[in-house]
Amino acid sequence: MRRWFRDSAHLIRPALVLMAALVVFLAIRTAIVPKAFGQYGHYRPGALDLVRQHPIAFAGQDACLMCHDDEAKARAAGKHAHVACEACHGPLAQHADDPSAHVPKLPEVANLCRRCHEQDAAKPHNFPQVITAEHSGGAACNDCHKPHNPHL
Amino acid sequence: MIPGVDGFMYPNEVELQWSVLIVLYPYITGLVAGAFILASLERVFKVEAVRPTYRLALLTALAFLLVAPLPLQLHLGHPERSFEMYLTPHTSSAMAMFGFVYLWYLTVVLLLEIWLEYRAEIVQLAQSTAGPKGWIYRLLTLGSYNISPAARRMDDKVGYAVTVIGIPSAFLLHGYVGFIFGSVKANPWWSTPLMPIVFLFSAMVSGIAAVMVLYVVSMKLRRTPIDMRCLDTIARYLFYTFVIDFTLEMLDLVHRTYESDESFRSLDFMVHTRLWGSQVILQIFLGTLVPLLLLAANQLFRFPEGRRKAMYMTAGALVLVGIFAMRWNVVIGGQLFSKSFLGYTTYKMALGTREGLLPAILLFLLPFAIFLVLVELLPPWQEGKAHEA
């Protein structure tokens, strides 16, 4: 039995090396992985605070409606009823905070409308779409359509 | 129109996300698994004739295994973050689990088996070599100099057990690479349960061919006669494995053709146009049918030694090219067609960029450099003691 142990003792060594590597790995893991990792899901809860620190860019639909009543009514009556204001006008949280200090620019119509309405085989057939180069003969979209309620 | 795009592509499909490096990853991993299976032929299945390639196969497997994750690292925008896969693995991530399969295979199977196989030489060299090389050998002994016949018998027993565990591990390693592609249900070119098993058998084919070619080339370089019994046996096993691999691939093809689901016409068109050269000519004709015929001819007829060598080498080289083409067709082919089945894009390979042709070539040469270092450190040549073990 003793001879058996003597002749197999060297096999312990790679096992010890593997164990040592495992211990080092676990030590690194304990040191690096944040303590609360996995508390809410497969992420670091501290990431939520970092995300919260990002400056708010969008004011949100309700903030726009508080002042822009006419546009809100026109929009609600037309086909753009479900398009949020900031989808076309861009993020305007700063404007909502201080309307006079941050006056937003009007969207560039030539590019804005075709983003959704340029003809594309992938779009549903009942979605209004045109080949803009041929559709208006060079006239801007809002020469004929009202953007908030885009009937002619 | 965008150059290189035909028909309708969704915007995110125009440019390929997985480059030639991702082709290299399953190719290199496959060579590892195949080389190990060849080594196991001698160790577990007692095919004594392939003994001269046993150590060569193990070193080949190690050299390629060390390089296997590098194409993936080069593909990542933040390679350093890949370590997080080990720290906080997500069980739903196939790639994260692959990291553990890889580590298991590297440490518990391959390194251990090589250590056990070479222990006697390591101890002898540790005692007889001076300088930095001697330090390496002394480190590799792990402090044990017991190479008595009884200790060596113990090594042999444990080595056998490690190889027995190693076979399913090698299957797992490469089957898993196939699984990573086969489980992408959104891609009809990849999504088939046959993918792991097709990858596995093509891995065995490429690995056996690689060791066969490496064996012949090393013998030529060392001006040592080639053991024809060994070469004939490897070629025979290459033929058997290749027949199974070819059958599985044809089974997949027949199944797809008969099933003819909504993707079939689009994929069929792709094979007849964009993939014609790489799939039909390179993979199926030059990479499969020609080597299969060469190997089959050797099973039916007895050719003179010189001609046999030439036929085996041609078959081996063609197999290596053919399996690379197979990986190419899977990885690149799977990204050339649109999910709308109405359009096709083109893969434009850059040369000197991070994921270009040049890094791919260097990455493919790297295992050979590692192999040379390993051969220098742990000579695999066993002339004169071929049947001693």
# chains A, B, ... in the order shown; residues from 1 in each chain; ligands from 1
>>> select_by_dssp(residues="chain A", states="alpha helix (DSSP H)", output="MDAnalysis selection string")
chainID A and resid 2:8 12:32 46:53 61:67 69:77 85:89 93:97 109:117 132:135 141:144
>>> interface_residues(of="chain A", to="chain B", cutoff="10 Å", atoms="only C-alpha atoms", output="JSON, numbers by chain")
{"A": [3, 4, 5, 6, 7, 8, 9, 10, 11, 12, 13, 14, 15, 16, 17, 18, 25, 26, 28, 29, 30, 32, 33, 37, 38, 42, 43, 120, 121, 122]}
>>> write_last_selection(atoms="C-alpha atoms", output="tab-separated table (two decimals), in the first residue's frame")
chain	number	residue	atom	x	y	z
A	3	ARG	CA	4.55	1.61	-2.36
A	4	TRP	CA	1.32	2.34	-4.17
A	5	PHE	CA	1.18	5.72	-2.49
A	6	ARG	CA	4.81	6.41	-3.27
A	7	ASP	CA	4.37	5.60	-6.96
A	8	SER	CA	1.25	7.67	-7.34
A	9	ALA	CA	2.28	10.62	-5.16
A	10	HIS	CA	3.48	12.61	-8.17
A	11	LEU	CA	-0.07	12.62	-9.53
A	12	ILE	CA	-1.10	14.86	-6.65
A	13	ARG	CA	1.11	17.62	-8.08
A	14	PRO	CA	-0.85	18.50	-11.22
A	15	ALA	CA	-3.99	18.30	-9.09
A	16	LEU	CA	-2.41	20.80	-6.67
A	17	VAL	CA	-1.44	23.09	-9.56
A	18	LEU	CA	-5.01	22.98	-10.82
A	25	PHE	CA	-9.22	32.45	-9.99
A	26	LEU	CA	-11.76	32.45	-7.16
A	28	ILE	CA	-9.65	37.31	-8.39
A	29	ARG	CA	-13.35	36.70	-8.88
A	30	THR	CA	-14.16	37.67	-5.29
A	32	ILE	CA	-13.34	41.95	-8.96
A	33	VAL	CA	-17.00	41.02	-9.11
A	37	PHE	CA	-23.88	41.54	-8.59
A	38	GLY	CA	-27.05	39.70	-9.56
A	42	HIS	CA	-27.50	39.54	-14.38
A	43	TYR	CA	-25.86	42.93	-13.92
A	120	ASP	CA	-39.50	50.80	-49.51
A	121	ALA	CA	-40.59	47.26	-50.36
A	122	ALA	CA	-40.09	46.22	-46.72
>>> residues_around(residues="Met219 (chain B)", least_positions_apart="5", cutoff="12 Å", atoms="only C-alpha atoms", output="PyMOL selection string")
chain B and resi 52-53+56+211-214+224-228+231+380-383
>>> atom_distance(atom1="CA of Leu62 (chain B)", atom2="CA of Leu351 (chain B)")
28.2 Å
>>> residues_around(residues="region 77-80 of chain A", least_positions_apart="2", cutoff="9 Å", atoms="only C-alpha atoms", output="PyMOL selection string")
chain A and resi 72-75+82-84+147-151
>>> atom_distance(atom1="CA of His174 (chain B)", atom2="CA of Trp18 (chain B)")
18.8 Å
>>> residues_around(residues="Tyr54 (chain B)", least_positions_apart="4", cutoff="9 Å", atoms="only C-alpha atoms", output="count of residues only")
11
>>> select_by_dssp(residues="chain A", states="strand (DSSP E or B)", output="PyMOL selection string")
chain A and resi 118+130+146+149
>>> write_last_selection(atoms="N, CA and C atoms", output="PDB file, in the first residue's frame")
ATOM      1  N   GLU A 118     -40.453  57.431 -47.296  1.00  0.00           N
ATOM      2  CA  GLU A 118     -39.800  57.063 -48.559  1.00  0.00           C
ATOM      3  C   GLU A 118     -40.231  55.632 -48.909  1.00  0.00           C
ATOM      4  N   VAL A 130     -44.039  57.353 -50.554  1.00  0.00           N
ATOM      5  CA  VAL A 130     -43.889  57.948 -51.886  1.00  0.00           C
ATOM      6  C   VAL A 130     -42.414  57.904 -52.285  1.00  0.00           C
ATOM      7  N   LYS A 146     -49.829  69.519 -43.695  1.00  0.00           N
ATOM      8  CA  LYS A 146     -49.564  70.096 -42.373  1.00  0.00           C
ATOM      9  C   LYS A 146     -48.928  68.981 -41.538  1.00  0.00           C
ATOM     10  N   ASN A 149     -51.009  67.368 -38.665  1.00  0.00           N
ATOM     11  CA  ASN A 149     -52.156  66.586 -39.151  1.00  0.00           C
ATOM     12  C   ASN A 149     -52.031  66.538 -40.669  1.00  0.00           C
TER      13      ASN A 149
END
>>> atom_distance(atom1="CA of Pro91 (chain A)", atom2="CA of Pro11 (chain B)")
24.7 Å
>>> closest_residue(among="B:Phe246, B:Phe303, B:Tyr105, B:Phe264", to="Phe285 (chain B)", atoms="only C-alpha atoms")
B:Phe246
>>> residues_around(residues="Ile22 (chain B)", least_positions_apart="3", cutoff="7 Å", atoms="only C-alpha atoms", output="ChimeraX atom specification")
/B:18-19,25,71-72
>>> residues_around(residues="region 269-279 of chain B", least_positions_apart="5", cutoff="9 Å", atoms="only C-alpha atoms", output="VMD selection string")
chain B and resid 264 284 to 285 322 325 to 326 328 to 329 333 336 to 337 344 346
>>> decode(residues="region 23-153 of chain B", atoms="C-alpha atoms", output="compact mmCIF listing (two decimals), in the first residue's frame")
# COMPACT_ATOMS: atom_id res chain seq x y z
CA VAL B 23 -14.19 31.19 -40.10
CA LEU B 24 -10.81 30.46 -38.59
CA TYR B 25 -12.23 29.81 -35.11
CA PRO B 26 -14.21 26.63 -35.90
CA TYR B 27 -11.48 25.54 -38.33
CA ILE B 28 -8.72 25.71 -35.72
CA THR B 29 -10.90 24.21 -32.98
CA GLY B 30 -11.78 21.39 -35.35
CA LEU B 31 -8.12 20.61 -35.98
CA VAL B 32 -7.66 20.30 -32.19
CA ALA B 33 -10.54 17.90 -31.73
CA GLY B 34 -9.55 15.82 -34.77
CA ALA B 35 -5.91 15.56 -33.76
CA PHE B 36 -6.93 14.43 -30.28
CA ILE B 37 -9.27 11.77 -31.63
CA LEU B 38 -6.39 10.42 -33.72
CA ALA B 39 -4.24 10.30 -30.59
CA SER B 40 -6.97 8.42 -28.77
CA LEU B 41 -6.99 5.77 -31.50
CA GLU B 42 -3.66 4.55 -30.22
CA ARG B 43 -4.27 5.10 -26.53
CA VAL B 44 -7.80 3.84 -26.06
CA PHE B 45 -8.64 1.85 -29.15
CA LYS B 46 -5.20 0.22 -29.25
CA VAL B 47 -4.52 0.93 -32.91
CA GLU B 48 -0.80 0.35 -32.45
CA ALA B 49 0.07 1.23 -36.05
CA VAL B 50 -0.54 4.96 -35.43
CA ARG B 51 1.82 5.04 -32.44
CA PRO B 52 4.45 7.15 -34.33
CA THR B 53 1.91 9.99 -34.58
CA TYR B 54 0.55 9.77 -31.02
CA ARG B 55 2.74 12.48 -29.52
CA LEU B 56 2.70 14.50 -32.72
CA ALA B 57 -1.10 14.53 -32.58
CA LEU B 58 -1.10 15.67 -28.93
CA LEU B 59 1.34 18.53 -29.63
CA THR B 60 -0.64 19.54 -32.74
CA ALA B 61 -3.81 19.62 -30.65
CA LEU B 62 -2.13 21.78 -27.99
CA ALA B 63 -0.57 24.19 -30.51
CA PHE B 64 -3.90 24.77 -32.21
CA LEU B 65 -5.90 24.85 -28.97
CA LEU B 66 -3.74 27.69 -27.61
CA VAL B 67 -4.55 29.75 -30.72
CA ALA B 68 -8.25 28.78 -30.96
CA PRO B 69 -9.63 31.70 -28.88
CA LEU B 70 -7.38 34.34 -30.50
CA PRO B 71 -9.53 34.94 -33.63
CA LEU B 72 -12.45 35.63 -31.28
CA GLN B 73 -10.37 38.01 -29.17
CA LEU B 74 -9.31 39.91 -32.28
CA HIS B 75 -12.93 40.14 -33.37
CA LEU B 76 -14.01 41.74 -30.09
CA GLY B 77 -14.06 45.50 -29.69
CA HIS B 78 -13.01 45.10 -26.06
CA PRO B 79 -11.09 41.82 -25.82
CA GLU B 80 -10.24 42.47 -22.17
CA ARG B 81 -13.93 42.19 -21.29
CA SER B 82 -14.04 38.59 -22.50
CA PHE B 83 -12.56 37.57 -19.13
CA GLU B 84 -15.86 38.62 -17.56
CA MET B 85 -17.33 35.59 -19.28
CA TYR B 86 -15.48 33.52 -16.67
CA LEU B 87 -16.19 35.86 -13.75
CA THR B 88 -19.92 36.27 -14.22
CA PRO B 89 -21.02 33.67 -16.77
CA HIS B 90 -24.58 33.78 -17.96
CA THR B 91 -26.05 30.32 -18.29
CA SER B 92 -28.09 31.34 -21.33
CA SER B 93 -24.95 32.37 -23.23
CA ALA B 94 -23.64 29.58 -25.44
CA MET B 95 -20.33 31.39 -25.80
CA ALA B 96 -19.84 31.80 -22.03
CA MET B 97 -20.31 28.08 -21.54
CA PHE B 98 -17.83 27.43 -24.35
CA GLY B 99 -15.20 29.22 -22.25
CA PHE B 100 -15.54 26.53 -19.59
CA VAL B 101 -15.57 23.71 -22.12
CA TYR B 102 -12.36 25.17 -23.55
CA LEU B 103 -10.66 25.48 -20.15
CA TRP B 104 -11.69 21.97 -19.14
CA TYR B 105 -10.31 20.57 -22.36
CA LEU B 106 -7.07 22.54 -22.14
CA THR B 107 -6.21 21.85 -18.51
CA VAL B 108 -7.83 18.62 -17.45
CA VAL B 109 -7.50 16.76 -20.73
CA LEU B 110 -4.72 17.97 -23.00
CA LEU B 111 -2.09 19.42 -20.66
CA LEU B 112 -2.52 16.55 -18.22
CA GLU B 113 -2.27 13.91 -20.91
CA ILE B 114 0.84 15.51 -22.43
CA TRP B 115 2.43 15.81 -19.00
CA LEU B 116 1.76 12.17 -18.18
CA GLU B 117 3.01 11.01 -21.57
CA TYR B 118 6.23 13.05 -21.44
CA ARG B 119 7.01 12.78 -17.73
CA ALA B 120 9.91 10.37 -18.11
CA GLU B 121 11.60 12.56 -20.73
CA ILE B 122 10.88 15.73 -18.78
CA VAL B 123 12.59 14.29 -15.68
CA GLN B 124 15.58 13.04 -17.70
CA LEU B 125 15.93 16.37 -19.50
CA ALA B 126 15.53 18.30 -16.23
CA GLN B 127 18.53 16.42 -14.87
CA SER B 128 20.67 16.71 -17.98
CA THR B 129 19.84 20.19 -19.39
CA ALA B 130 21.40 23.39 -18.13
CA GLY B 131 20.39 27.02 -18.61
CA PRO B 132 16.90 28.45 -19.13
CA LYS B 133 15.74 25.35 -20.97
CA GLY B 134 16.71 23.30 -17.94
CA TRP B 135 14.62 25.59 -15.71
CA ILE B 136 11.63 24.99 -17.92
CA TYR B 137 12.06 21.22 -17.64
CA ARG B 138 12.55 21.45 -13.87
CA LEU B 139 9.38 23.52 -13.65
CA LEU B 140 7.55 20.97 -15.80
CA THR B 141 8.53 18.10 -13.46
CA LEU B 142 6.36 19.86 -10.85
CA GLY B 143 8.99 18.76 -8.34
CA SER B 144 8.57 15.03 -8.80
CA TYR B 145 11.47 13.00 -10.18
CA ASN B 146 9.95 9.58 -9.58
CA ILE B 147 10.01 7.76 -12.91
CA SER B 148 10.32 4.25 -11.57
CA PRO B 149 8.62 1.58 -13.71
CA ALA B 150 5.81 1.41 -11.15
CA ALA B 151 5.31 5.19 -11.32
CA ARG B 152 5.30 5.07 -15.12
CA ARG B 153 2.70 2.28 -15.04
